[in-house]
file start06.pdb (PDB, C-alpha atoms and all ligand atoms)
ATOM      1  CA  MET I 503       0.000   0.000   0.000
ATOM      2  CA  ARG I 504       1.019   3.586  -0.594
ATOM      3  CA  LEU I 505       1.958   5.263   2.690
ATOM      4  CA  ASP I 506       2.836   8.771   1.476
ATOM      5  CA  ALA I 507       4.347  10.519  -1.559
ATOM      6  CA  SER I 508       7.638   8.626  -1.320
ATOM      7  CA  HIS I 509       7.002   5.417   0.666
ATOM      8  CA  ILE I 510       5.104   2.178   0.225
ATOM      9  CA  ALA I 511       4.479  -0.847   2.441
ATOM     10  CA  VAL I 512       5.344  -4.157   0.763
ATOM     11  CA  THR I 513       5.670  -7.787   1.822
ATOM     12  CA  VAL I 514       9.028  -9.007   3.087
ATOM     13  CA  SER I 515      10.568 -11.475   0.590
ATOM     14  CA  GLY I 516       9.606 -15.119   0.962
ATOM     15  CA  ARG I 517       6.921 -14.797   3.656
ATOM     16  CA  ASP I 518       3.868 -17.053   3.707
ATOM     17  CA  LYS I 519       1.129 -14.856   2.243
ATOM     18  CA  GLY I 520      -1.563 -16.904   3.988
ATOM     19  CA  VAL I 521      -0.471 -15.947   7.498
ATOM     20  CA  LEU I 522       0.889 -12.394   7.146
ATOM     21  CA  THR I 523       1.283 -10.277  10.266
ATOM     22  CA  ALA I 524       2.667  -6.737  10.682
ATOM     23  CA  ASP I 525       6.147  -8.317  10.982
ATOM     24  CA  ASP I 526       5.879  -9.545   7.389
ATOM     25  CA  VAL I 527       5.335  -6.068   5.959
ATOM     26  CA  MET I 528       8.131  -3.505   5.524
ATOM     27  CA  VAL I 529       8.591   0.034   4.199
ATOM     28  CA  VAL I 530      10.489   0.857   0.996
ATOM     29  CA  ASP I 531      10.984   4.097  -0.891
ATOM     30  CA  MET I 532       9.844   4.585  -4.493
ATOM     31  CA  TYR I 533      13.099   3.030  -5.711
ATOM     32  CA  GLY I 534      12.504  -0.144  -3.681
ATOM     33  CA  ASN I 535      15.168   0.644  -1.059
ATOM     34  CA  PRO I 536      14.345  -0.620   2.467
ATOM     35  CA  VAL I 537      13.567   2.156   4.955
ATOM     36  CA  GLY I 538      14.199   1.607   8.677
ATOM     37  CA  THR I 539      14.806  -2.134   8.333
ATOM     38  CA  SER I 540      17.421  -4.574   7.093
ATOM     39  CA  ALA I 541      14.720  -6.924   5.751
ATOM     40  CA  ARG I 542      14.675  -7.710   2.039
ATOM     41  CA  PRO I 543      11.537  -6.663   0.146
ATOM     42  CA  SER I 544       9.616  -8.884  -2.282
ATOM     43  CA  ALA I 545      11.662  -9.781  -5.384
ATOM     44  CA  GLU I 546       9.006  -8.046  -7.468
ATOM     45  CA  THR I 547       9.005  -4.752  -5.575
ATOM     46  CA  ALA I 548       9.897  -2.848  -8.769
ATOM     47  CA  LEU I 549       6.544  -3.864 -10.279
ATOM     48  CA  HIS I 550       4.736  -2.450  -7.262
ATOM     49  CA  THR I 551       6.638   0.847  -7.147
ATOM     50  CA  GLN I 552       6.091   1.229 -10.900
ATOM     51  CA  ILE I 553       2.304   1.173 -10.490
ATOM     52  CA  TYR I 554       2.380   3.751  -7.653
ATOM     53  CA  ALA I 555       4.663   5.957  -9.736
ATOM     54  CA  ARG I 556       2.563   5.744 -12.927
ATOM     55  CA  PHE I 557      -0.953   5.866 -11.469
ATOM     56  CA  ALA I 558      -1.471   8.646  -8.928
ATOM     57  CA  ASP I 559      -4.794   7.173  -7.776
ATOM     58  CA  ALA I 560      -3.411   3.664  -7.176
ATOM     59  CA  ASN I 561      -2.982   3.270  -3.419
ATOM     60  CA  ALA I 562      -2.971  -0.522  -3.143
ATOM     61  CA  VAL I 563      -1.358  -3.081  -5.472
ATOM     62  CA  LEU I 564      -2.087  -6.804  -5.236
ATOM     63  CA  HIS I 565      -0.277  -9.720  -6.872
ATOM     64  CA  THR I 566      -1.639 -13.261  -6.867
ATOM     65  CA  HIS I 567      -0.615 -16.621  -8.365
ATOM     66  CA  SER I 568      -3.873 -18.552  -8.749
ATOM     67  CA  ARG I 569      -4.253 -21.634 -10.914
ATOM     68  CA  THR I 570      -6.867 -19.924 -13.105
ATOM     69  CA  GLN I 571      -4.586 -16.909 -13.687
ATOM     70  CA  THR I 572      -1.650 -19.182 -14.438
ATOM     71  CA  VAL I 573      -3.544 -21.301 -16.975
ATOM     72  CA  ALA I 574      -5.063 -18.224 -18.650
ATOM     73  CA  SER I 575      -1.682 -16.516 -18.834
ATOM     74  CA  ARG I 576      -0.197 -19.490 -20.688
ATOM     75  CA  LEU I 577      -3.168 -19.920 -22.989
ATOM     76  CA  TYR I 578      -3.156 -16.244 -24.040
ATOM     77  CA  ALA I 579       0.604 -15.627 -23.942
ATOM     78  CA  LYS I 580       0.934 -15.795 -27.702
ATOM     79  CA  ALA I 581      -1.957 -13.387 -28.277
ATOM     80  CA  GLY I 582      -0.439 -11.095 -25.635
ATOM     81  CA  VAL I 583      -3.857 -10.077 -24.353
ATOM     82  CA  VAL I 584      -7.078 -11.496 -22.907
ATOM     83  CA  ARG I 585     -10.114  -9.552 -24.131
ATOM     84  CA  LEU I 586     -12.947  -9.616 -21.598
ATOM     85  CA  ASP I 587     -16.177  -8.627 -23.292
ATOM     86  CA  GLY I 588     -19.882  -9.162 -22.687
ATOM     87  CA  TYR I 589     -19.623  -9.955 -18.976
ATOM     88  CA  GLU I 590     -21.810  -8.059 -16.506
ATOM     89  CA  LEU I 591     -18.991  -8.429 -13.977
ATOM     90  CA  GLN I 592     -16.728  -6.129 -16.023
ATOM     91  CA  LYS I 593     -18.545  -3.414 -14.050
ATOM     92  CA  ALA I 594     -16.531  -4.502 -11.006
ATOM     93  CA  ILE I 595     -13.495  -2.852 -12.633
ATOM     94  CA  ALA I 596     -13.319   0.856 -11.713
ATOM     95  CA  GLY I 597     -14.564   3.165 -14.465
ATOM     96  CA  HIS I 598     -16.614   0.465 -16.210
ATOM     97  CA  THR I 599     -20.351   0.960 -16.386
ATOM     98  CA  SER I 600     -21.357  -1.570 -19.040
ATOM     99  CA  HIS I 601     -20.736  -5.145 -20.174
ATOM    100  CA  GLU I 602     -20.229  -3.612 -23.643
ATOM    101  CA  GLN I 603     -17.047  -1.795 -22.575
ATOM    102  CA  ALA I 604     -14.386  -4.447 -23.308
ATOM    103  CA  ILE I 605     -11.371  -4.815 -21.034
ATOM    104  CA  ASP I 606      -8.015  -5.844 -22.468
ATOM    105  CA  LEU I 607      -5.842  -7.605 -19.906
ATOM    106  CA  PRO I 608      -2.300  -7.831 -21.314
ATOM    107  CA  VAL I 609      -0.099 -10.895 -20.873
ATOM    108  CA  PHE I 610       3.617 -10.175 -20.547
ATOM    109  CA  PRO I 611       6.385 -12.818 -20.796
ATOM    110  CA  ASN I 612       7.729 -13.997 -17.454
ATOM    111  CA  THR I 613      11.291 -13.168 -16.445
ATOM    112  CA  GLN I 614      13.301 -13.088 -13.224
ATOM    113  CA  HIS I 615      14.824  -9.815 -14.454
ATOM    114  CA  MET I 616      12.396  -7.139 -13.228
ATOM    115  CA  PRO I 617      13.610  -4.233 -15.426
ATOM    116  CA  GLU I 618      12.429  -6.186 -18.486
ATOM    117  CA  LEU I 619       8.930  -6.519 -17.079
ATOM    118  CA  VAL I 620       8.878  -2.879 -15.978
ATOM    119  CA  GLU I 621       9.734  -1.961 -19.566
ATOM    120  CA  LYS I 622       6.916  -4.112 -20.999
ATOM    121  CA  VAL I 623       4.381  -2.537 -18.634
ATOM    122  CA  ASP I 624       5.643   0.948 -19.507
ATOM    123  CA  ALA I 625       5.367   0.213 -23.239
ATOM    124  CA  TRP I 626       1.686  -0.701 -22.755
ATOM    125  CA  ILE I 627       1.018   2.437 -20.689
ATOM    126  CA  LYS I 628       2.789   4.617 -23.273
ATOM    127  CA  SER I 629       0.663   3.126 -26.058
ATOM    128  CA  ASP I 630      -2.275   4.954 -24.434
ATOM    129  CA  ARG I 631      -4.299   1.811 -23.873
ATOM    130  CA  PRO I 632      -6.024   1.693 -20.495
ATOM    131  CA  LEU I 633      -4.463  -0.632 -17.923
ATOM    132  CA  TYR I 634      -6.365  -2.093 -14.945
ATOM    133  CA  GLY I 635      -4.107  -5.077 -14.374
ATOM    134  CA  TYR I 636      -1.917  -7.537 -16.242
ATOM    135  CA  LEU I 637      -0.947 -11.193 -16.345
ATOM    136  CA  ILE I 638       2.602 -12.510 -16.407
ATOM    137  CA  GLU I 639       2.940 -15.733 -18.371
ATOM    138  CA  GLY I 640       2.950 -18.873 -16.213
ATOM    139  CA  HIS I 641       3.069 -16.682 -13.135
ATOM    140  CA  GLY I 642       0.051 -14.641 -12.067
ATOM    141  CA  LEU I 643      -1.864 -11.378 -11.907
ATOM    142  CA  TYR I 644      -1.111  -7.793 -10.916
ATOM    143  CA  THR I 645      -3.944  -5.375 -10.298
ATOM    144  CA  TRP I 646      -4.515  -2.333  -8.102
ATOM    145  CA  GLY I 647      -7.094   0.111  -6.800
ATOM    146  CA  ARG I 648      -7.750   3.415  -5.061
ATOM    147  CA  ASP I 649      -7.721   1.517  -1.774
ATOM    148  CA  MET I 650      -7.269  -2.076  -0.600
ATOM    149  CA  ALA I 651     -10.993  -2.832  -0.943
ATOM    150  CA  GLU I 652     -10.979  -1.781  -4.604
ATOM    151  CA  ALA I 653      -7.752  -3.710  -5.298
ATOM    152  CA  GLU I 654      -9.308  -6.834  -3.710
ATOM    153  CA  ARG I 655     -12.449  -6.354  -5.803
ATOM    154  CA  HIS I 656     -10.298  -6.190  -8.928
ATOM    155  CA  VAL I 657      -8.444  -9.410  -8.031
ATOM    156  CA  GLU I 658     -11.756 -11.158  -7.419
ATOM    157  CA  ALA I 659     -13.286  -9.806 -10.648
ATOM    158  CA  PHE I 660     -10.322 -10.784 -12.833
ATOM    159  CA  GLU I 661     -10.213 -14.208 -11.194
ATOM    160  CA  PHE I 662     -13.931 -14.680 -11.968
ATOM    161  CA  LEU I 663     -13.698 -13.344 -15.540
ATOM    162  CA  LEU I 664     -10.622 -15.435 -16.384
ATOM    163  CA  GLY I 665     -12.369 -18.473 -14.881
ATOM    164  CA  CYS I 666     -15.340 -17.874 -17.199
ATOM    165  CA  GLU I 667     -13.022 -17.582 -20.210
ATOM    166  CA  MET I 668     -11.312 -20.859 -19.256
ATOM    167  CA  ASP I 669     -14.677 -22.629 -18.866
ATOM    168  CA  LEU I 670     -15.834 -21.367 -22.262
ATOM    169  CA  ARG I 671     -12.637 -22.574 -23.910
ATOM    170  CA  ARG I 672     -13.180 -26.007 -22.364
ATOM    171  CA  LEU I 673     -16.868 -26.320 -23.183
ATOM    172  CA  ARG I 674     -17.140 -24.814 -26.643
TER     173      ARG I 674
HETATM  174 ZN    ZN H   1       4.958 -13.358  -8.307
END
call {"tool": "encode", "arguments": {"input": "start06.pdb", "output": "structure tokens", "more": "lines below"}}
Ligand SMILES: [Zn+2]
result
Amino acid sequence: MRLDASHIAVTVSGRDKGVLTADDVMVVDMYGNPVGTSARPSAETALHTQIYARFADANAVLHTHSRTQTVASRLYAKAGVVRLDGYELQKAIAGHTSHEQAIDLPVFPNTQHMPELVEKVDAWIKSDRPLYGYLIEGHGLYTWGRDMAEAERHVEAFEFLLGCEMDLRRLR
């Protein structure tokens, strides 16, 4: 979560996300440098700080690795995007008021080298296409919101929408 203009709270690297306590969360600056602790931040901190830096109204960023997200990210990796269209639940994504307003969720190639991913995300933003979240191939989802509740709603909505897409692919 964003704390102020130059600090964010992020998970300490390698902690069990199912049982997080205050001890598992640390402060970093906008460059990902630890502040007031010797703990090591999440390996993907650069992806979090990037979103806070690019989107002034993003105050919470969430990253998840669900099975549905992972399968979808592999299935759509070649296309580079999952188009979500015709679902009432698209309205769960901030700024969307109709099922007719399609949402493009990009899929970026996975890498352990964060600057490459940061560059891919920046290229999408610079192309002037809206961005509400993205998948990383074989890895998971990033999405964000004005506050934690909105970020959680976005995770849940993308999880649901990607699940529907997977079901349709299976059943068609
Ligand atoms: Zn991850």
call {"tool": "closest_atom_pairs", "arguments": {"input": "start06.pdb", "of": "stretch 541-623 of chain I", "to": "stretch 508-514 of chain I", "cutoff": "8 Å", "atoms": "all atoms listed in the file", "output": "JSON lines"}}
result
{"residue": "I:Ala541", "atom": "CA", "partner": "I:Val514", "partner_atom": "CA", "distance": 6.6}
{"residue": "I:Arg542", "atom": "CA", "partner": "I:Val514", "partner_atom": "CA", "distance": 5.9}
{"residue": "I:Pro543", "atom": "CA", "partner": "I:Val514", "partner_atom": "CA", "distance": 4.5}
{"residue": "I:Ser544", "atom": "CA", "partner": "I:Val514", "partner_atom": "CA", "distance": 5.4}
{"residue": "I:Thr547", "atom": "CA", "partner": "I:Val512", "partner_atom": "CA", "distance": 7.3}
{"residue": "I:Thr551", "atom": "CA", "partner": "I:Ile510", "partner_atom": "CA", "distance": 7.6}
call {"tool": "write_last_selection", "arguments": {"input": "start06.pdb", "atoms": "C-alpha atoms", "output": "tab-separated table (two decimals), in the frame of the given file"}}
result
chain	number	residue	atom	x	y	z
I	541	ALA	CA	14.72	-6.92	5.75
I	542	ARG	CA	14.68	-7.71	2.04
I	543	PRO	CA	11.54	-6.66	0.15
I	544	SER	CA	9.62	-8.88	-2.28
I	547	THR	CA	9.01	-4.75	-5.58
I	551	THR	CA	6.64	0.85	-7.15
call {"tool": "residues_near_ligand", "arguments": {"input": "start06.pdb", "ligand": "ligand ZN 1 (chain H)", "cutoff": "9 Å", "atoms": "all atoms listed in the file", "output": "PyMOL selection string"}}
result
chain I and resi 544-546+565-567+638+641-644
call {"tool": "residues_around", "arguments": {"input": "start06.pdb", "residues": "stretch 538-540 of chain I", "least_positions_apart": "4", "cutoff": "12 Å", "atoms": "all atoms listed in the file", "output": "MDAnalysis selection string"}}
result
chainID I and resid 509 511 514:515 525:531
call {"tool": "write_last_selection", "arguments": {"input": "start06.pdb", "atoms": "C-alpha atoms", "output": "compact mmCIF listing (two decimals), keeping the file's coordinate frame"}}
result
# COMPACT_ATOMS: atom_id res chain seq x y z
CA HIS I 509 7.00 5.42 0.67
CA ALA I 511 4.48 -0.85 2.44
CA VAL I 514 9.03 -9.01 3.09
CA SER I 515 10.57 -11.48 0.59
CA ASP I 525 6.15 -8.32 10.98
CA ASP I 526 5.88 -9.54 7.39
CA VAL I 527 5.34 -6.07 5.96
CA MET I 528 8.13 -3.50 5.52
CA VAL I 529 8.59 0.03 4.20
CA VAL I 530 10.49 0.86 1.00
CA ASP I 531 10.98 4.10 -0.89
call {"tool": "resolve_selection", "arguments": {"input": "start06.pdb", "expression": "the PyMOL selection byres (((chain I and resi 663) around 10) and not hetatm)", "output": "PyMOL selection string"}}
result
chain I and resi 570-571+586-587+589-592+657-662+664-669
call {"tool": "resolve_selection", "arguments": {"input": "start06.pdb", "expression": "the PyMOL selection byres (((chain I and resi 612) around 10) and not hetatm)", "output": "PyMOL selection string"}}
result
chain I and resi 575+579+609-611+613-616+618-619+637-642
call {"tool": "write_last_selection", "arguments": {"input": "start06.pdb", "atoms": "C-alpha atoms", "output": "PDB file, in the coordinates of the input"}}
result
ATOM      1  CA  SER I 575      -1.682 -16.516 -18.834  1.00  0.00           C
ATOM      2  CA  ALA I 579       0.604 -15.627 -23.942  1.00  0.00           C
ATOM      3  CA  VAL I 609      -0.099 -10.895 -20.873  1.00  0.00           C
ATOM      4  CA  PHE I 610       3.617 -10.175 -20.547  1.00  0.00           C
ATOM      5  CA  PRO I 611       6.385 -12.818 -20.796  1.00  0.00           C
ATOM      6  CA  THR I 613      11.291 -13.168 -16.445  1.00  0.00           C
ATOM      7  CA  GLN I 614      13.301 -13.088 -13.224  1.00  0.00           C
ATOM      8  CA  HIS I 615      14.824  -9.815 -14.454  1.00  0.00           C
ATOM      9  CA  MET I 616      12.396  -7.139 -13.228  1.00  0.00           C
ATOM     10  CA  GLU I 618      12.429  -6.186 -18.486  1.00  0.00           C
ATOM     11  CA  LEU I 619       8.930  -6.519 -17.079  1.00  0.00           C
ATOM     12  CA  LEU I 637      -0.947 -11.193 -16.345  1.00  0.00           C
ATOM     13  CA  ILE I 638       2.602 -12.510 -16.407  1.00  0.00           C
ATOM     14  CA  GLU I 639       2.940 -15.733 -18.371  1.00  0.00           C
ATOM     15  CA  GLY I 640       2.950 -18.873 -16.213  1.00  0.00           C
ATOM     16  CA  HIS I 641       3.069 -16.682 -13.135  1.00  0.00           C
ATOM     17  CA  GLY I 642       0.051 -14.641 -12.067  1.00  0.00           C
TER      18      GLY I 642
END
call {"tool": "resolve_selection", "arguments": {"input": "start06.pdb", "expression": "the PyMOL selection byres (((chain I and resi 623-625) around 9) and not hetatm)", "output": "PyMOL selection string"}}
result
chain I and resi 549+552+556+608+610+618-622+626-629+636
call {"tool": "atom_distance", "arguments": {"input": "start06.pdb", "atom1": "atom CA of I:Ala653", "atom2": "atom CA of I:Phe557"}}
result
13.3 Å
call {"tool": "atom_distance", "arguments": {"input": "start06.pdb", "atom1": "atom CA of I:Ser568", "atom2": "atom CA of I:Tyr533"}}
result
27.6 Å
call {"tool": "residues_around", "arguments": {"input": "start06.pdb", "residues": "stretch 558-560 of chain I", "least_positions_apart": "2", "cutoff": "8 Å", "atoms": "only C-alpha atoms", "output": "list in words"}}
result
Arg504, Ile553, Tyr554, Ala555, Arg556, Ala562, Val563, Trp646, Gly647, Arg648 and Asp649 of chain I
call {"tool": "write_last_selection", "arguments": {"input": "start06.pdb", "atoms": "C-alpha atoms", "output": "mmCIF file, keeping the file's coordinate frame"}}
result
data_model
loop_
_atom_site.group_PDB
_atom_site.id
_atom_site.type_symbol
_atom_site.label_atom_id
_atom_site.label_comp_id
_atom_site.auth_asym_id
_atom_site.auth_seq_id
_atom_site.Cartn_x
_atom_site.Cartn_y
_atom_site.Cartn_z
ATOM 1 C CA ARG I 504 1.019 3.586 -0.594
ATOM 2 C CA ILE I 553 2.304 1.173 -10.490
ATOM 3 C CA TYR I 554 2.380 3.751 -7.653
ATOM 4 C CA ALA I 555 4.663 5.957 -9.736
ATOM 5 C CA ARG I 556 2.563 5.744 -12.927
ATOM 6 C CA ALA I 562 -2.971 -0.522 -3.143
ATOM 7 C CA VAL I 563 -1.358 -3.081 -5.472
ATOM 8 C CA TRP I 646 -4.515 -2.333 -8.102
ATOM 9 C CA GLY I 647 -7.094 0.111 -6.800
ATOM 10 C CA ARG I 648 -7.750 3.415 -5.061
ATOM 11 C CA ASP I 649 -7.721 1.517 -1.774
#
call {"tool": "atom_distance", "arguments": {"input": "start06.pdb", "atom1": "atom CA of I:Leu505", "atom2": "atom CA of I:Asn561"}}
result
8.1 Å
call {"tool": "closest_residue", "arguments": {"input": "start06.pdb", "among": "I:Arg674, I:His550, I:Arg585, I:His598", "to": "I:Met532", "atoms": "all atoms listed in the file"}}
result
I:His550
call {"tool": "axis_aligned_box", "arguments": {"input": "start06.pdb", "around": "stretch 645-656 of chain I", "padding_each_side": "4 Å", "output": "JSON"}}
result
{"center_x": -8.2, "center_y": -1.7, "center_z": -5.4, "size_x": 16.5, "size_y": 18.2, "size_z": 17.7}
